[in-house]
$ cat entry16.txt   # compact mmCIF, C-alpha atoms
# COMPACT_ATOMS: atom_id res chain seq x y z
CA MET C 25 -159.19 282.98 29.34
CA ALA C 26 -160.55 280.08 31.35
CA GLU C 27 -159.73 280.37 35.02
CA VAL C 28 -156.79 278.35 36.25
CA ASP C 29 -155.08 278.47 39.56
CA LYS C 30 -152.09 280.83 39.45
CA GLN C 31 -149.89 278.33 41.25
CA ASP C 32 -150.74 275.63 38.71
CA LEU C 33 -149.93 277.92 35.79
CA PHE C 34 -146.66 278.92 37.47
CA THR C 35 -145.65 275.28 37.98
CA ALA C 36 -146.55 274.35 34.41
CA VAL C 37 -144.56 277.24 32.92
CA LEU C 38 -141.65 276.50 35.24
CA ARG C 39 -141.53 272.87 34.06
CA LEU C 40 -141.30 274.03 30.47
CA ALA C 41 -138.68 276.63 31.33
CA ASP C 42 -136.56 274.12 33.26
CA ASP C 43 -136.74 271.59 30.39
CA HIS C 44 -135.42 274.22 28.00
CA LEU C 45 -132.75 275.64 30.28
CA VAL C 46 -131.34 272.25 31.22
CA LEU C 47 -131.28 270.91 27.66
CA GLY C 48 -129.88 274.22 26.43
CA HIS C 49 -127.13 273.98 29.02
CA ARG C 50 -126.34 270.39 28.05
CA ILE C 51 -126.09 271.29 24.37
CA SER C 52 -123.95 274.32 25.17
CA GLU C 53 -121.44 271.92 26.76
CA TRP C 54 -120.42 270.95 23.22
CA CYS C 55 -119.22 274.49 22.52
CA GLY C 56 -115.52 274.15 21.74
CA HIS C 57 -115.67 270.34 21.84
CA ALA C 58 -117.71 269.38 18.78
CA PRO C 59 -116.02 267.05 16.28
CA MET C 60 -116.00 269.62 13.45
CA LEU C 61 -116.25 273.36 13.05
CA GLU C 62 -119.76 273.31 11.54
CA GLU C 63 -121.08 271.39 14.54
CA ASP C 64 -119.19 273.64 16.90
CA LEU C 65 -121.26 276.52 15.49
CA ALA C 66 -124.47 274.53 15.25
CA MET C 67 -124.54 273.37 18.87
CA PRO C 68 -124.24 276.80 20.55
CA ASN C 69 -126.74 278.14 17.99
CA MET C 70 -129.35 275.67 19.13
CA ALA C 71 -128.37 276.01 22.78
CA LEU C 72 -129.08 279.74 22.38
CA ASP C 73 -132.51 278.99 20.95
CA LEU C 74 -133.35 276.78 23.92
CA ILE C 75 -131.95 279.19 26.51
CA GLY C 76 -133.75 282.07 24.79
CA GLN C 77 -137.02 280.14 24.99
CA ALA C 78 -136.25 279.38 28.64
CA ARG C 79 -135.68 283.07 29.34
CA SER C 80 -139.06 284.05 27.93
CA LEU C 81 -140.69 281.31 29.99
CA TYR C 82 -138.87 282.25 33.22
CA GLN C 83 -139.82 285.90 32.76
CA TYR C 84 -143.43 284.87 32.41
CA ALA C 85 -143.22 282.47 35.37
CA GLY C 86 -141.83 285.30 37.48
CA GLU C 87 -144.71 287.54 36.42
CA ILE C 88 -147.30 284.89 37.25
CA GLU C 89 -145.76 284.23 40.64
CA GLY C 90 -145.74 287.95 41.40
CA LYS C 91 -143.11 287.77 44.12
CA GLY C 92 -140.55 289.78 42.25
CA ARG C 93 -138.36 286.85 41.22
CA THR C 94 -136.55 287.57 37.95
CA GLU C 95 -135.57 285.16 35.18
CA ASP C 96 -132.08 285.01 36.71
CA ASP C 97 -133.42 284.23 40.19
CA LEU C 98 -135.40 281.35 38.74
CA ALA C 99 -132.63 280.06 36.52
CA TYR C 100 -129.72 280.38 38.91
CA MET C 101 -130.84 280.64 42.51
CA ARG C 102 -132.97 277.59 43.14
CA ARG C 103 -131.94 274.33 44.72
CA GLU C 104 -131.83 271.06 42.84
CA ARG C 105 -135.12 269.88 44.39
CA ASP C 106 -136.84 273.01 43.03
CA TYR C 107 -136.02 272.21 39.39
CA VAL C 108 -138.91 270.44 37.72
CA ASN C 109 -137.44 269.45 34.34
CA CYS C 110 -137.98 265.95 33.01
CA LEU C 111 -135.08 263.57 33.57
CA LEU C 112 -134.34 263.04 29.87
CA VAL C 113 -132.94 266.54 29.33
CA GLU C 114 -130.50 266.33 32.24
CA ARG C 115 -128.89 263.07 31.08
CA PRO C 116 -125.19 263.57 30.39
CA ASN C 117 -124.23 264.26 26.79
CA GLY C 118 -122.18 261.08 26.39
CA ASP C 119 -121.17 260.71 22.76
CA PHE C 120 -122.76 262.38 19.73
CA ALA C 121 -125.27 259.55 19.41
CA HIS C 122 -126.62 260.17 22.93
CA THR C 123 -126.69 263.95 22.47
CA MET C 124 -128.49 263.86 19.12
CA LEU C 125 -130.99 261.24 20.20
CA LYS C 126 -131.89 263.21 23.35
CA HIS C 127 -132.33 266.40 21.34
CA LEU C 128 -134.39 264.66 18.66
CA TRP C 129 -136.73 263.09 21.20
CA PHE C 130 -137.26 266.35 23.03
CA ALA C 131 -137.67 268.48 19.88
CA ALA C 132 -140.11 265.95 18.41
CA PHE C 133 -142.15 266.32 21.60
CA MET C 134 -142.01 270.12 21.59
CA GLU C 135 -143.09 270.51 17.95
CA PRO C 136 -146.69 269.32 18.47
CA TYR C 137 -146.60 270.92 21.92
CA TRP C 138 -145.81 274.40 20.59
CA LYS C 139 -148.19 273.91 17.69
CA SER C 140 -150.97 273.42 20.21
CA VAL C 141 -149.85 276.35 22.39
CA MET C 142 -150.00 278.69 19.39
CA ASN C 143 -153.80 278.49 19.77
CA SER C 144 -153.70 278.98 23.54
CA PRO C 145 -155.90 281.73 24.98
CA ASP C 146 -152.83 282.71 27.03
CA GLU C 147 -151.34 285.36 24.74
CA THR C 148 -147.85 285.30 26.27
CA LEU C 149 -147.51 281.55 25.85
CA ALA C 150 -148.97 281.72 22.34
CA ALA C 151 -146.38 284.35 21.37
CA ILE C 152 -143.50 282.29 22.78
CA ALA C 153 -144.84 279.26 20.89
CA ALA C 154 -145.06 281.17 17.58
CA LYS C 155 -141.34 281.90 17.81
CA ALA C 156 -140.26 278.54 19.16
CA ILE C 157 -142.12 276.49 16.54
CA LYS C 158 -139.90 277.92 13.80
CA GLU C 159 -136.79 277.04 15.77
CA VAL C 160 -137.80 273.55 16.82
CA ALA C 161 -138.32 272.66 13.14
CA TYR C 162 -134.61 272.89 12.36
CA HIS C 163 -133.65 271.30 15.68
CA ILE C 164 -135.57 268.20 14.57
CA ARG C 165 -133.92 268.30 11.17
CA HIS C 166 -130.42 268.71 12.58
CA ALA C 167 -130.70 266.03 15.26
CA GLY C 168 -132.67 263.76 12.91
CA GLU C 169 -129.99 263.93 10.21
CA TRP C 170 -127.37 262.86 12.75
CA VAL C 171 -129.49 260.01 14.08
CA ILE C 172 -129.87 258.73 10.51
CA ARG C 173 -126.21 259.25 9.66
CA LEU C 174 -125.03 257.41 12.76
CA GLY C 175 -127.72 254.73 12.83
CA ASP C 176 -127.24 253.95 9.14
CA GLY C 177 -123.49 254.54 9.22
CA THR C 178 -120.58 252.30 10.14
CA GLU C 179 -120.72 249.26 12.38
CA GLU C 180 -119.28 251.39 15.18
CA SER C 181 -121.69 254.32 14.76
CA ALA C 182 -124.71 252.02 14.43
CA ALA C 183 -123.72 250.23 17.63
CA ARG C 184 -123.35 253.55 19.46
CA MET C 185 -126.70 254.78 18.19
CA ALA C 186 -128.39 251.58 19.34
CA ALA C 187 -126.65 251.91 22.71
CA ALA C 188 -127.97 255.45 23.03
CA VAL C 189 -131.54 254.29 22.37
CA GLU C 190 -131.14 251.62 25.03
CA ALA C 191 -129.64 254.06 27.54
CA LEU C 192 -132.20 256.85 27.07
CA GLU C 193 -135.32 254.77 26.52
CA PRO C 194 -136.09 254.53 30.27
CA TYR C 195 -136.40 258.35 30.37
CA LEU C 196 -138.75 258.64 27.40
CA GLY C 197 -142.06 257.94 29.13
CA GLU C 198 -141.76 260.70 31.72
CA MET C 199 -141.93 263.36 29.00
CA PHE C 200 -145.50 262.23 28.23
CA GLU C 201 -146.55 261.88 31.86
CA GLY C 202 -149.51 263.98 32.95
CA ASP C 203 -150.68 264.90 36.42
CA ALA C 204 -153.44 266.97 38.06
CA ILE C 205 -151.75 270.23 37.04
CA SER C 206 -151.25 269.35 33.37
CA GLU C 207 -154.82 268.04 33.23
CA LYS C 208 -156.25 271.30 34.55
CA LEU C 209 -154.25 273.35 32.06
CA ALA C 210 -155.24 271.05 29.23
CA GLN C 211 -158.91 271.36 30.20
CA ALA C 212 -158.61 275.15 30.09
CA GLY C 213 -156.95 274.81 26.66
CA ILE C 214 -153.87 276.72 27.85
CA LEU C 215 -151.26 273.98 27.47
CA PRO C 216 -151.67 270.56 25.82
CA ASP C 217 -151.91 267.33 27.74
CA PRO C 218 -148.45 265.73 27.30
CA ALA C 219 -149.97 262.26 27.09
CA ALA C 220 -151.99 263.32 24.05
CA LEU C 221 -148.83 264.07 22.05
CA SER C 222 -147.44 260.54 21.76
CA ALA C 223 -148.97 259.87 18.33
CA ASP C 224 -147.58 263.13 16.93
CA TRP C 225 -144.21 262.33 18.45
CA GLN C 226 -144.19 258.89 16.85
CA GLN C 227 -145.04 260.45 13.49
CA VAL C 228 -141.93 262.62 13.66
CA VAL C 229 -139.52 260.08 15.15
CA GLY C 230 -140.85 256.98 13.36
CA PRO C 231 -139.65 257.79 9.80
CA ILE C 232 -136.26 258.96 11.13
CA PHE C 233 -135.79 255.73 13.08
CA ALA C 234 -136.89 253.69 10.07
CA GLU C 235 -134.29 255.39 7.89
CA ALA C 236 -131.66 255.00 10.58
CA GLY C 237 -132.43 251.29 10.91
CA LEU C 238 -133.36 251.66 14.56
CA GLU C 239 -136.16 249.97 16.42
CA MET C 240 -138.76 252.37 17.86
CA PRO C 241 -138.97 252.11 21.64
CA GLU C 242 -142.30 251.78 23.42
CA ILE C 243 -143.40 254.89 25.30
CA GLU C 244 -143.56 253.47 28.80
CA LEU C 245 -143.28 255.26 32.11
CA LYS C 246 -140.09 253.97 33.73
CA GLN C 247 -137.72 256.48 35.32
CA ARG C 248 -139.63 259.39 36.76
CA GLY C 249 -139.36 262.06 39.43
CA GLY C 250 -138.08 265.12 37.58
CA ARG C 251 -141.43 266.91 37.77
CA ALA C 252 -141.33 266.50 41.55
CA GLY C 253 -137.74 267.74 41.76
CA VAL C 254 -136.19 264.30 42.26
CA HIS C 255 -133.23 264.17 39.91
CA GLY C 256 -130.38 261.88 38.98
CA GLU C 257 -126.79 262.27 40.10
CA ALA C 258 -125.87 264.12 36.90
CA MET C 259 -128.15 267.05 37.78
CA GLY C 260 -126.03 268.19 40.72
CA TYR C 261 -122.93 268.48 38.56
CA LEU C 262 -124.91 270.31 35.88
CA LEU C 263 -126.25 272.84 38.40
CA ALA C 264 -122.81 273.34 39.96
CA ASP C 265 -121.56 274.34 36.53
CA LEU C 266 -124.66 276.40 35.65
CA GLN C 267 -124.97 278.24 38.95
CA HIS C 268 -121.31 278.66 39.82
CA MET C 269 -121.00 282.36 38.94
CA GLN C 270 -124.26 283.49 40.53
CA ARG C 271 -123.61 281.45 43.69
CA THR C 272 -120.10 282.83 44.00
CA TYR C 273 -120.96 286.42 43.13
CA PRO C 274 -124.71 286.80 43.77
CA GLY C 275 -126.36 289.34 41.49
CA THR C 276 -123.34 289.68 39.25
CA GLN C 277 -124.04 291.02 35.77
CA TRP C 278 -122.23 291.00 32.46
CA MET Y 28 -154.58 322.14 21.02
CA VAL Y 29 -154.06 321.75 17.30
CA ILE Y 30 -150.52 323.01 17.67
CA ALA Y 31 -149.85 320.69 20.56
CA ALA Y 32 -151.09 317.72 18.56
CA ALA Y 33 -148.91 318.70 15.61
CA THR Y 34 -145.85 319.02 17.82
CA LYS Y 35 -146.50 315.64 19.32
CA LYS Y 36 -146.72 314.08 15.90
CA ASP Y 37 -143.44 315.69 14.88
CA ASP Y 38 -141.89 314.35 18.05
CA ALA Y 39 -142.96 310.85 17.15
CA SER Y 40 -141.47 311.02 13.68
CA ALA Y 41 -138.26 312.56 15.00
CA ALA Y 42 -138.07 309.81 17.62
CA TYR Y 43 -138.68 307.18 14.97
CA ALA Y 44 -135.94 308.64 12.77
CA ALA Y 45 -133.49 308.52 15.69
CA ALA Y 46 -134.36 304.93 16.58
CA ALA Y 47 -134.47 303.78 12.95
CA SER Y 48 -130.89 304.88 12.30
CA VAL Y 49 -129.45 302.34 14.76
CA PRO Y 50 -127.38 299.68 12.94
CA ASP Y 51 -127.68 296.01 13.77
CA PRO Y 52 -124.66 295.18 15.98
CA GLU Y 53 -123.84 291.97 14.14
CA VAL Y 54 -124.81 292.99 10.61
CA PRO Y 55 -123.94 296.71 10.73
CA CYS Y 56 -124.74 297.31 7.05
CA VAL Y 57 -128.46 297.30 7.88
CA THR Y 58 -130.43 299.27 10.42
CA VAL Y 59 -133.01 297.97 12.87
CA ALA Y 60 -135.65 299.55 10.62
CA ASP Y 61 -134.30 297.75 7.51
CA LEU Y 62 -134.54 294.46 9.39
CA GLY Y 63 -138.07 295.15 10.54
CA ILE Y 64 -137.22 294.55 14.19
CA LEU Y 65 -138.14 298.12 15.11
CA ARG Y 66 -141.92 297.95 14.99
CA ASP Y 67 -142.73 301.57 15.75
CA VAL Y 68 -142.03 304.46 18.10
CA ARG Y 69 -144.88 306.19 19.90
CA MET Y 70 -144.99 309.16 22.21
CA GLU Y 71 -146.67 308.24 25.49
CA GLU Y 72 -146.92 311.07 27.98
CA GLY Y 73 -143.72 312.63 26.72
CA VAL Y 74 -141.81 309.34 26.66
CA ALA Y 75 -140.67 307.83 23.37
CA VAL Y 76 -141.72 304.19 23.49
CA ALA Y 77 -139.94 302.02 20.93
CA ARG Y 78 -141.44 298.62 20.26
CA VAL Y 79 -138.81 296.07 19.33
CA THR Y 80 -139.16 292.43 18.36
CA PRO Y 81 -136.41 289.81 18.70
CA THR Y 82 -135.33 287.82 15.64
CA TYR Y 83 -134.53 284.47 17.24
CA SER Y 84 -135.48 283.58 20.84
CA GLY Y 85 -131.84 283.20 21.73
CA CYS Y 86 -130.36 286.01 19.67
CA PRO Y 87 -127.66 287.42 21.97
CA ALA Y 88 -127.87 290.76 20.17
CA THR Y 89 -131.43 291.42 21.36
CA VAL Y 90 -130.36 293.22 24.53
CA ALA Y 91 -127.58 295.12 22.73
CA ILE Y 92 -130.08 296.29 20.11
CA GLU Y 93 -132.54 297.46 22.73
CA LEU Y 94 -129.84 299.37 24.60
CA ALA Y 95 -128.59 300.97 21.38
CA ILE Y 96 -132.09 302.14 20.43
CA GLU Y 97 -132.66 303.53 23.90
CA ALA Y 98 -129.31 305.37 23.75
CA ALA Y 99 -130.11 306.76 20.28
CA LEU Y 100 -133.42 308.10 21.56
CA ARG Y 101 -131.77 309.70 24.58
CA ASP Y 102 -129.08 311.23 22.39
CA ALA Y 103 -131.86 312.77 20.31
CA GLY Y 104 -133.23 314.35 23.48
CA PHE Y 105 -136.05 311.96 24.29
CA GLU Y 106 -136.95 310.19 27.44
CA ALA Y 107 -137.06 306.65 26.20
CA ARG Y 108 -138.50 303.26 26.98
CA ILE Y 109 -138.22 299.96 25.10
CA GLU Y 110 -141.05 297.49 24.85
CA ARG Y 111 -140.25 293.98 23.68
CA VAL Y 112 -142.99 292.61 21.45
CA MET Y 113 -143.13 288.85 20.90
CA SER Y 114 -146.27 288.56 18.82
CA PRO Y 115 -146.61 288.37 15.88
CA ALA Y 116 -143.27 286.57 15.62
CA TRP Y 117 -140.62 288.25 13.50
CA THR Y 118 -140.14 286.89 10.01
CA THR Y 119 -137.45 287.63 7.45
CA ASP Y 120 -140.28 288.80 5.17
CA TRP Y 121 -140.18 292.02 7.20
CA ILE Y 122 -136.73 292.90 5.90
CA SER Y 123 -137.24 295.81 3.54
CA GLU Y 124 -136.26 295.76 -0.14
CA GLU Y 125 -133.62 298.32 0.69
CA GLY Y 126 -132.37 296.12 3.52
CA ARG Y 127 -132.13 293.13 1.19
CA GLU Y 128 -130.07 295.14 -1.30
CA LYS Y 129 -127.78 296.37 1.50
CA LEU Y 130 -127.25 292.78 2.68
CA ARG Y 131 -126.37 291.63 -0.84
CA ALA Y 132 -123.95 294.52 -1.32
CA TYR Y 133 -122.36 293.61 2.04
CA GLY Y 134 -121.79 290.01 0.85
CA ILE Y 135 -124.68 288.34 2.66
CA ALA Y 136 -127.27 286.60 0.50
CA PRO Y 137 -130.66 288.02 1.55
CA PRO Y 138 -133.41 285.65 2.71
CA GLN Y 139 -135.93 284.42 0.23
CA LYS Y 140 -139.46 285.71 0.56
CA ALA Y 141 -142.58 284.02 1.90
CA SER Y 142 -141.26 282.09 4.85
CA ASN Y 143 -144.61 281.35 6.40
CA SER Y 144 -144.45 277.62 6.02
CA VAL Y 145 -142.37 276.07 8.78
CA ARG Y 146 -141.67 273.14 6.48
CA ALA Y 147 -140.22 275.49 3.88
CA LEU Y 148 -137.50 276.57 6.30
CA PHE Y 149 -134.16 275.68 4.72
CA GLY Y 150 -136.04 273.78 2.06
CA GLU Y 151 -135.04 276.42 -0.48
CA THR Y 152 -132.97 275.14 -3.35
CA GLN Y 153 -131.51 278.28 -4.89
CA VAL Y 154 -129.52 280.87 -3.03
CA ALA Y 155 -127.79 283.27 -5.41
CA CYS Y 156 -124.16 284.12 -4.71
CA PRO Y 157 -124.01 287.74 -3.48
CA LYS Y 158 -120.67 288.25 -5.29
CA CYS Y 159 -121.21 286.87 -8.79
CA GLY Y 160 -124.95 286.22 -8.84
CA SER Y 161 -124.58 282.55 -9.77
CA ASP Y 162 -127.29 280.16 -8.64
CA GLU Y 163 -124.74 277.34 -8.50
CA THR Y 164 -124.24 277.41 -4.76
CA GLU Y 165 -124.15 274.78 -2.03
CA ARG Y 166 -124.92 274.83 1.67
CA VAL Y 167 -121.88 274.13 3.82
CA SER Y 168 -123.74 274.31 7.12
CA GLU Y 169 -127.20 275.24 8.28
CA PHE Y 170 -125.56 277.27 11.05
CA GLY Y 171 -123.31 280.23 10.45
CA SER Y 172 -121.54 282.98 12.33
CA THR Y 173 -124.74 284.24 13.98
CA PRO Y 174 -128.07 282.51 14.75
CA CYS Y 175 -129.70 284.20 11.76
CA LYS Y 176 -127.24 283.02 9.12
CA ALA Y 177 -126.29 279.81 7.31
CA HIS Y 178 -122.97 279.10 5.65
CA TYR Y 179 -122.85 278.69 1.85
CA ARG Y 180 -120.26 278.37 -0.89
CA CYS Y 181 -120.49 279.49 -4.52
CA LYS Y 182 -119.55 276.75 -6.96
CA THR Y 183 -118.97 279.24 -9.77
CA CYS Y 184 -116.68 281.81 -8.17
CA ALA Y 185 -115.68 279.68 -5.14
CA GLU Y 186 -116.63 282.46 -2.73
CA PRO Y 187 -117.77 281.33 0.72
CA PHE Y 188 -120.64 283.49 1.95
CA ASP Y 189 -123.34 283.86 4.59
CA TYR Y 190 -127.00 283.40 3.76
CA PHE Y 191 -129.53 285.22 5.91
CA LYS Y 192 -131.84 282.35 6.79
CA CYS Y 193 -135.48 282.42 5.96
CA ILE Y 194 -137.63 282.24 9.09
$ encode --input "entry16.txt" --output "C-alpha cells"
Amino acid sequence: MAEVDKQDLFTAVLRLADDHLVLGHRISEWCGHAPMLEEDLAMPNMALDLIGQARSLYQYAGEIEGKGRTEDDLAYMRRERDYVNCLLVERPNGDFAHTMLKHLWFAAFMEPYWKSVMNSPDETLAAIAAKAIKEVAYHIRHAGEWVIRLGDGTEESAARMAAAVEALEPYLGEMFEGDAISEKLAQAGILPDPAALSADWQQVVGPIFAEAGLEMPEIELKQRGGRAGVHGEAMGYLLADLQHMQRTYPGTQW
Amino acid sequence: MVIAAATKKDDASAAYAAAASVPDPEVPCVTVADLGILRDVRMEEGVAVARVTPTYSGCPATVAIELAIEAALRDAGFEARIERVMSPAWTTDWISEEGREKLRAYGIAPPQKASNSVRALFGETQVACPKCGSDETERVSEFGSTPCKAHYRCKTCAEPFDYFKCI
C-alpha cells in the first residue's frame, strides 16, 4: 500500500465514520414516529446499516490512531468541534421530504464512493466498502421512491419537496469538497477524491429528479465547515441526545 | 507426532461441531452454519478460533451470535476466541440447501440464488409463498421484522410472510 501519513488516514476515516453515525442517528429519530408501520420498520433498518458502517469505520480509526480509543470513545466521548461530518447529514429531519432528500443525496454520493473503495489497497476499507455497497443500493431506492412520490404527488407534497431542495441545496457542495488530506488519499488510491464523484452523483440523482419533476440543483460550495468541526446549531442538540447516556454514566454497557 | 496431529484435527472438528450447532438468535430454525456466517473453526495453540462474518453491517444480532458461539465452544471444553471476518462480504448464496429448506418449513421464503449483482437486489419478481407454494405474491414492504427480511403477502392463500432478502 502506498505510504500515507497515519494522521491523514485517521482523519479521512473519521470523517466517513462521523457522516454515517450522524445520518444514522438522524434517521433513527423516526423510529416510532414514521407515518406508517412499514416506514417505521424501514427507517430503523437503514439507521442500523449506517450505524453499523460507522462502527466498522470507528473501530478502524481507533486502530490507526493507536491510542487505545474504542469505537464508543470515538462515537460518544468527543466534543462537537471534534466531529468532522459534513453539514448535510446533521440537518434536522424536518418533514419526510427533507429526510428522504437528505438520505438520497448522501446515498447517491456514497454509492460511487464505496464502489471506488472496493478497489482500495487498504484491505479493511475495501472490506467495509464491499458490505456497504450492497446496503447503499436499497437506501437509494427507498429514498428515491419517496422523492418521486412526493415530488410527483399532490400540490402539497410537491411544494414540500421543492422546499426541501431549496433548504438543503446550500449544504450539497460541501459533500464534494476536497482538501489536502483527501487529495493525498486519492493520490495513494486509498479513498476517492470527493470532487471526482459529482458526475456519478448526478447520474443517480438526475433521473430521480426528472421523474419527480424537480429541478436539479447546481453543485456549488456554499455552507461549509463540518470537516473542520464547525457545525450548525442543530448539531449540539443531536449530540446531547446521542451522548446523553455515556456522558451521564461513562463507560456504561448494555 | 502423528498422534498429536490426529488429536488436533479431531479437536478442530469437535470444535466446529460445537460452534455449528448454535442457532441464529432471530431465526432460530437455522444454525450459524446453515446461514454460512460461521466460516470455519481452527485450533491455534490450543485455542479454538471461530471465524464469523456479519450479515448486514448493522445487524444487531452480530454480537449475540458471536457470544453464543464462544459460549458453545467453552461449554464443549474449548478455550475460545472469535474473529470477525469482513471480507469477502457475506451473501445469501452461502445459505446451505438444508438451511433454505429449514427456512421454508419455518414460514420464511428463502432468498433466491445468485445475488452478485447489486442491481438485482430486490429486483426479483417471483417469491414463492412458503405456505402454499404459489408464485402469486406481492411485496408489502422492502423492510421486515429484521434487517435481513422483507415483508410479503401471498395473493393465493392470503398468508403474510417474511422473505429472506437476497444480498
$ residues_around --input "entry16.txt" --residues "Thr82 in chain Y" --least-positions-apart "6" --cutoff "12 Å" --atoms "all atoms listed in the file" --output "PyMOL selection string"
(chain C and resi 73+76+154-156+158-159) or (chain Y and resi 51+59+62-65+88-90+92+111-122+173-176+191-194)
$ closest_atom_pairs --input "entry16.txt" --of "chain C" --to "chain Y" --cutoff "12 Å" --atoms "only C-alpha atoms" --output "Markdown table"
| residue | atom | partner | partner_atom | distance |
| --- | --- | --- | --- | --- |
| C:His44 | CA | Y:Gly85 | CA | 11.5 |
| C:Leu45 | CA | Y:Gly85 | CA | 11.4 |
| C:Gly48 | CA | Y:Gly85 | CA | 10.3 |
| C:Met60 | CA | Y:Ser168 | CA | 11.0 |
| C:Leu61 | CA | Y:Ser168 | CA | 9.6 |
| C:Glu62 | CA | Y:Ser168 | CA | 6.0 |
| C:Glu63 | CA | Y:Phe170 | CA | 8.2 |
| C:Asp64 | CA | Y:Phe170 | CA | 9.4 |
| C:Leu65 | CA | Y:Phe170 | CA | 6.2 |
| C:Ala66 | CA | Y:Phe170 | CA | 5.1 |
| C:Met67 | CA | Y:Phe170 | CA | 8.8 |
| C:Pro68 | CA | Y:Pro174 | CA | 9.0 |
| C:Asn69 | CA | Y:Pro174 | CA | 5.6 |
| C:Met70 | CA | Y:Pro174 | CA | 8.2 |
| C:Ala71 | CA | Y:Gly85 | CA | 8.1 |
| C:Leu72 | CA | Y:Gly85 | CA | 4.5 |
| C:Asp73 | CA | Y:Gly85 | CA | 4.3 |
| C:Leu74 | CA | Y:Gly85 | CA | 6.9 |
| C:Ile75 | CA | Y:Gly85 | CA | 6.2 |
| C:Gly76 | CA | Y:Gly85 | CA | 3.8 |
| C:Gln77 | CA | Y:Ser84 | CA | 5.6 |
| C:Ala78 | CA | Y:Ser84 | CA | 8.9 |
| C:Arg79 | CA | Y:Ser84 | CA | 8.5 |
| C:Ser80 | CA | Y:Ser84 | CA | 8.0 |
| C:Leu81 | CA | Y:Ser84 | CA | 10.8 |
| C:Glu135 | CA | Y:Val145 | CA | 10.7 |
| C:Lys139 | CA | Y:Val145 | CA | 10.9 |
| C:Met142 | CA | Y:Ser114 | CA | 10.6 |
| C:Glu147 | CA | Y:Ser114 | CA | 8.4 |
| C:Thr148 | CA | Y:Met113 | CA | 8.0 |
| C:Leu149 | CA | Y:Met113 | CA | 9.8 |
| C:Ala150 | CA | Y:Ser114 | CA | 8.2 |
| C:Ala151 | CA | Y:Ser114 | CA | 4.9 |
| C:Ile152 | CA | Y:Met113 | CA | 6.8 |
| C:Ala153 | CA | Y:Ala116 | CA | 9.1 |
| C:Ala154 | CA | Y:Ala116 | CA | 6.0 |
| C:Lys155 | CA | Y:Ala116 | CA | 5.5 |
| C:Ala156 | CA | Y:Ser84 | CA | 7.1 |
| C:Ile157 | CA | Y:Val145 | CA | 7.8 |
| C:Lys158 | CA | Y:Val145 | CA | 5.9 |
| C:Glu159 | CA | Y:Tyr83 | CA | 7.9 |
| C:Val160 | CA | Y:Val145 | CA | 9.6 |
| C:Ala161 | CA | Y:Val145 | CA | 6.9 |
| C:Tyr162 | CA | Y:Leu148 | CA | 7.7 |
| C:His163 | CA | Y:Glu169 | CA | 10.6 |
| C:Ile164 | CA | Y:Arg146 | CA | 11.3 |
| C:Arg165 | CA | Y:Phe149 | CA | 9.8 |
| C:His166 | CA | Y:Glu169 | CA | 8.5 |
| C:Glu169 | CA | Y:Glu169 | CA | 11.8 |
| C:Trp278 | CA | Y:Val90 | CA | 11.6 |
$ write_last_selection --input "entry16.txt" --atoms "C-alpha atoms" --output "mmCIF file, keeping the file's coordinate frame"
data_model
loop_
_atom_site.group_PDB
_atom_site.id
_atom_site.type_symbol
_atom_site.label_atom_id
_atom_site.label_comp_id
_atom_site.auth_asym_id
_atom_site.auth_seq_id
_atom_site.Cartn_x
_atom_site.Cartn_y
_atom_site.Cartn_z
ATOM 1 C CA HIS C 44 -135.420 274.220 28.000
ATOM 2 C CA LEU C 45 -132.750 275.640 30.280
ATOM 3 C CA GLY C 48 -129.880 274.220 26.430
ATOM 4 C CA MET C 60 -116.000 269.620 13.450
ATOM 5 C CA LEU C 61 -116.250 273.360 13.050
ATOM 6 C CA GLU C 62 -119.760 273.310 11.540
ATOM 7 C CA GLU C 63 -121.080 271.390 14.540
ATOM 8 C CA ASP C 64 -119.190 273.640 16.900
ATOM 9 C CA LEU C 65 -121.260 276.520 15.490
ATOM 10 C CA ALA C 66 -124.470 274.530 15.250
ATOM 11 C CA MET C 67 -124.540 273.370 18.870
ATOM 12 C CA PRO C 68 -124.240 276.800 20.550
ATOM 13 C CA ASN C 69 -126.740 278.140 17.990
ATOM 14 C CA MET C 70 -129.350 275.670 19.130
ATOM 15 C CA ALA C 71 -128.370 276.010 22.780
ATOM 16 C CA LEU C 72 -129.080 279.740 22.380
ATOM 17 C CA ASP C 73 -132.510 278.990 20.950
ATOM 18 C CA LEU C 74 -133.350 276.780 23.920
ATOM 19 C CA ILE C 75 -131.950 279.190 26.510
ATOM 20 C CA GLY C 76 -133.750 282.070 24.790
ATOM 21 C CA GLN C 77 -137.020 280.140 24.990
ATOM 22 C CA ALA C 78 -136.250 279.380 28.640
ATOM 23 C CA ARG C 79 -135.680 283.070 29.340
ATOM 24 C CA SER C 80 -139.060 284.050 27.930
ATOM 25 C CA LEU C 81 -140.690 281.310 29.990
ATOM 26 C CA GLU C 135 -143.090 270.510 17.950
ATOM 27 C CA LYS C 139 -148.190 273.910 17.690
ATOM 28 C CA MET C 142 -150.000 278.690 19.390
ATOM 29 C CA GLU C 147 -151.340 285.360 24.740
ATOM 30 C CA THR C 148 -147.850 285.300 26.270
ATOM 31 C CA LEU C 149 -147.510 281.550 25.850
ATOM 32 C CA ALA C 150 -148.970 281.720 22.340
ATOM 33 C CA ALA C 151 -146.380 284.350 21.370
ATOM 34 C CA ILE C 152 -143.500 282.290 22.780
ATOM 35 C CA ALA C 153 -144.840 279.260 20.890
ATOM 36 C CA ALA C 154 -145.060 281.170 17.580
ATOM 37 C CA LYS C 155 -141.340 281.900 17.810
ATOM 38 C CA ALA C 156 -140.260 278.540 19.160
ATOM 39 C CA ILE C 157 -142.120 276.490 16.540
ATOM 40 C CA LYS C 158 -139.900 277.920 13.800
ATOM 41 C CA GLU C 159 -136.790 277.040 15.770
ATOM 42 C CA VAL C 160 -137.800 273.550 16.820
ATOM 43 C CA ALA C 161 -138.320 272.660 13.140
ATOM 44 C CA TYR C 162 -134.610 272.890 12.360
ATOM 45 C CA HIS C 163 -133.650 271.300 15.680
ATOM 46 C CA ILE C 164 -135.570 268.200 14.570
ATOM 47 C CA ARG C 165 -133.920 268.300 11.170
ATOM 48 C CA HIS C 166 -130.420 268.710 12.580
ATOM 49 C CA GLU C 169 -129.990 263.930 10.210
ATOM 50 C CA TRP C 278 -122.230 291.000 32.460
#
$ residues_around --input "entry16.txt" --residues "range 204-219 of chain C" --least-positions-apart "6" --cutoff "9 Å" --atoms "all atoms listed in the file" --output "JSON, numbers by chain"
{"C": [25, 26, 27, 28, 29, 32, 33, 35, 36, 133, 136, 137, 138, 140, 141, 143, 144, 145, 146, 149, 150]}
